[in-house]
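One structure is given here, and the rest of the page talks about it.
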Amino acid sequence: MNRRNFITGAATIAGGALLTRLAPTAIAAEPGTAAVSTGKTEPFNPGGLGYKPVITPNGVTLPWKMVNGVKVFHLVAEPVTHEFIPAMEGHPSLVAECWGYNGRVHGPTIEAVEGDHVRIYVTNRLAAATSVHWHGVLLPSGMDGVGGISQKAIQPGETFKYEFTLKQHGTLMYHSHHDEMTQMQLGMIGLFIIHPKNPTSPPPDRDYAFMLSEWKIEVGARRPDPNEMTDFNVFTLNGRSFPGTAPLVAKVGERVRIRIGNLSTMSHHAIHLHGYYFKVVATDGGEIPEAGQWPETTVHMPTGSTRTVEFVANAPGDWVMHCHMLHHVMTQMGHQFGNMIGIKTDGLSEKIRKLVPGYMAMGQDGMADMGEMGMAWPPNSLPMVGGRGQYDYVTMGGMFTVLKVREELSANGSDPGWYKSPPGTLAEVAPEADLKRDGIELPKDLPRTAALRTRKDDVWCGTPPAKPTLLAKNEINGRIKLH
Ligand SMILES: [Cu+2]
């Protein structure tokens, strides 16, 4: 099977399997048109809030209005056509039919203040019953939103009213608590931020909020598979996969807070930030006293929890923030390969091509070159690995974003572009003179860099050339040697 057939074949098989598996759950029956969520960041800021609103990258804040002293919100549970990644760098977008709230996956961030009396209407525009649980919020039992235990399920077409007074502050969440596996795995989750009534310290300069989640979307399929138990292949920050994730920005010296919630179906995540150490200052159970905070560079995110970390952005640069569970920074196709590492494929492609036109061995040096070999992408899929950085291809995707810290930023906080390292602070090929000066002796049998660097030009896939005659440089010997 050549690379192209591998992809399209996988898509066909996966699509069929998906249909078979989803048929009994009747997900197809959806009233109305799906709303479309595109991941544009739109902070809700009515002014005069008395608090500094959080920023939900690629997300929005749920609007509210005051009615006789009550803060009134309205959530609409509905089908949502969600874009996990826009079309970019010649790669198609990944769009899937999900379920969410108010035209978003995930739902808009709810923001309120400790002491607020909130009334939250929930309208069910799905074909299935639902309910909403306010994760970590201290409230009367009958407002807890567990279908069957704390309330009747909200039937299609019904609108329920939740009403309670916020007794605490912190980073909390909301999610469906009816047919949880299906509904949460299709996207029915969101953040619920409660600001302190009497803050003991000034708010941070930047207050970011993320929701982590995981999905199974077969290559080429339009519908996430909510029955998946272990083999997730799309990992998201606020419903987006890198390079579709908006960067975080901060000015040098600013205090940055990052609130992270995890409502992944099965996975914990290990969120790692480069360039800094931070302190975990709160969980969804409340603030951690200063004496109990310790420095970390990675925060463990159990599913069903939130963690809030803070640091001072004192080092300019482009610093990545990503899950350190490495399958969570791969994408749909990155999980489906046999292990080719170390296998000598010299001449293999050429010989198999006589049987299977267009065949090309791959993966023998790892997955890093998968992103840039110019393959014909299957429609509606994620890039093989990451996206293009300023120096080279980024070999991570999925649960991955970039913190961009600069001396100066534009007033609207837009993406400042790539960081330009000052002279002498960028890793590069070691000059001959330096090697000599420092007595560094190089091994004799080094791989030929030129061959490695031009690998992408040596191979073809996607639209085959008229005459498939080109050979990779390492195939010239025509040997097949497996070990
Ligand atoms: Cu992870």
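Residue numbers start at 1 in each chain; chains themselves are named A, B, ... in the order of the structure tokens; ligands are numbered from 1 in the order shown.
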
- [ ] Around ligand 1, at most 6 Å away and counting only C-alpha atoms and all ligand atoms, which residues are there? Put them as a PyMOL selection string, please.
- [x] chain A and resi 269-270+323+325+328

TODO: Looking only at strand (DSSP E or B) from DSSP on the backbone, list the matching residues of range 151-249 of chain A as a PyMOL selection string.
DONE: chain A and resi 151+154+159-165+170-176+189-195+206-215+234-237+240+242+248-249

Output for the residues just chosen: C-alpha atoms as a PDB file, in the first residue's frame:
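Contents of out11.pdb, freshly written:
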```pdb
ATOM      1  CA  GLN A 151     -33.430  16.625  38.679  1.00  0.00           C
ATOM      2  CA  ILE A 154     -34.165  18.214  30.224  1.00  0.00           C
ATOM      3  CA  THR A 159     -35.925  24.945  28.943  1.00  0.00           C
ATOM      4  CA  PHE A 160     -34.867  24.424  32.562  1.00  0.00           C
ATOM      5  CA  LYS A 161     -33.959  27.084  35.087  1.00  0.00           C
ATOM      6  CA  TYR A 162     -31.002  26.773  37.448  1.00  0.00           C
ATOM      7  CA  GLU A 163     -30.655  29.393  40.159  1.00  0.00           C
ATOM      8  CA  PHE A 164     -28.162  29.733  42.979  1.00  0.00           C
ATOM      9  CA  THR A 165     -25.913  32.173  44.801  1.00  0.00           C
ATOM     10  CA  GLY A 170     -12.248  29.968  41.576  1.00  0.00           C
ATOM     11  CA  THR A 171     -11.897  28.096  38.301  1.00  0.00           C
ATOM     12  CA  LEU A 172     -14.808  25.714  37.926  1.00  0.00           C
ATOM     13  CA  MET A 173     -16.548  24.034  35.017  1.00  0.00           C
ATOM     14  CA  TYR A 174     -19.897  22.988  33.627  1.00  0.00           C
ATOM     15  CA  HIS A 175     -20.831  19.976  31.570  1.00  0.00           C
ATOM     16  CA  SER A 176     -23.656  17.694  30.570  1.00  0.00           C
ATOM     17  CA  ILE A 189     -18.317  21.096  28.407  1.00  0.00           C
ATOM     18  CA  GLY A 190     -17.258  24.619  29.413  1.00  0.00           C
ATOM     19  CA  LEU A 191     -15.474  26.760  32.003  1.00  0.00           C
ATOM     20  CA  PHE A 192     -17.196  28.531  34.901  1.00  0.00           C
ATOM     21  CA  ILE A 193     -14.974  31.273  36.350  1.00  0.00           C
ATOM     22  CA  ILE A 194     -15.977  32.973  39.586  1.00  0.00           C
ATOM     23  CA  HIS A 195     -13.958  36.066  40.449  1.00  0.00           C
ATOM     24  CA  ARG A 206      -3.045  38.312  31.767  1.00  0.00           C
ATOM     25  CA  ASP A 207      -5.638  35.805  32.846  1.00  0.00           C
ATOM     26  CA  TYR A 208      -5.968  32.915  30.388  1.00  0.00           C
ATOM     27  CA  ALA A 209      -8.393  29.997  30.562  1.00  0.00           C
ATOM     28  CA  PHE A 210      -8.165  26.642  28.799  1.00  0.00           C
ATOM     29  CA  MET A 211     -10.235  23.504  28.623  1.00  0.00           C
ATOM     30  CA  LEU A 212      -8.465  20.268  27.683  1.00  0.00           C
ATOM     31  CA  SER A 213     -10.278  17.551  25.808  1.00  0.00           C
ATOM     32  CA  GLU A 214      -9.721  14.524  23.629  1.00  0.00           C
ATOM     33  CA  TRP A 215     -11.596  13.096  20.680  1.00  0.00           C
ATOM     34  CA  VAL A 234      -7.414  14.502  18.377  1.00  0.00           C
ATOM     35  CA  PHE A 235      -6.247  16.475  21.423  1.00  0.00           C
ATOM     36  CA  THR A 236      -7.394  20.013  21.974  1.00  0.00           C
ATOM     37  CA  LEU A 237      -6.905  23.220  23.916  1.00  0.00           C
ATOM     38  CA  ARG A 240      -8.452  23.544  18.859  1.00  0.00           C
ATOM     39  CA  PHE A 242      -2.064  23.089  16.951  1.00  0.00           C
ATOM     40  CA  LEU A 248      -0.834  33.362  24.431  1.00  0.00           C
ATOM     41  CA  VAL A 249       0.859  36.733  24.612  1.00  0.00           C
TER      42      VAL A 249
END
```

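Minimum atom-to-atom distances from A:Ala427, A:Leu435, A:Val252, A:Ala411 to Tyr391 in chain A were compared using only C-alpha atoms, and the lowest value belongs to A:Ala427.
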
Open item on the list: as a PyMOL selection string, please: the residues near Leu49 in chain A (cut-off 12 Å, only C-alpha atoms, same-chain neighbours under 5 positions excluded).
Closed with: chain A and resi 44+54+64-66+111-113+195+197
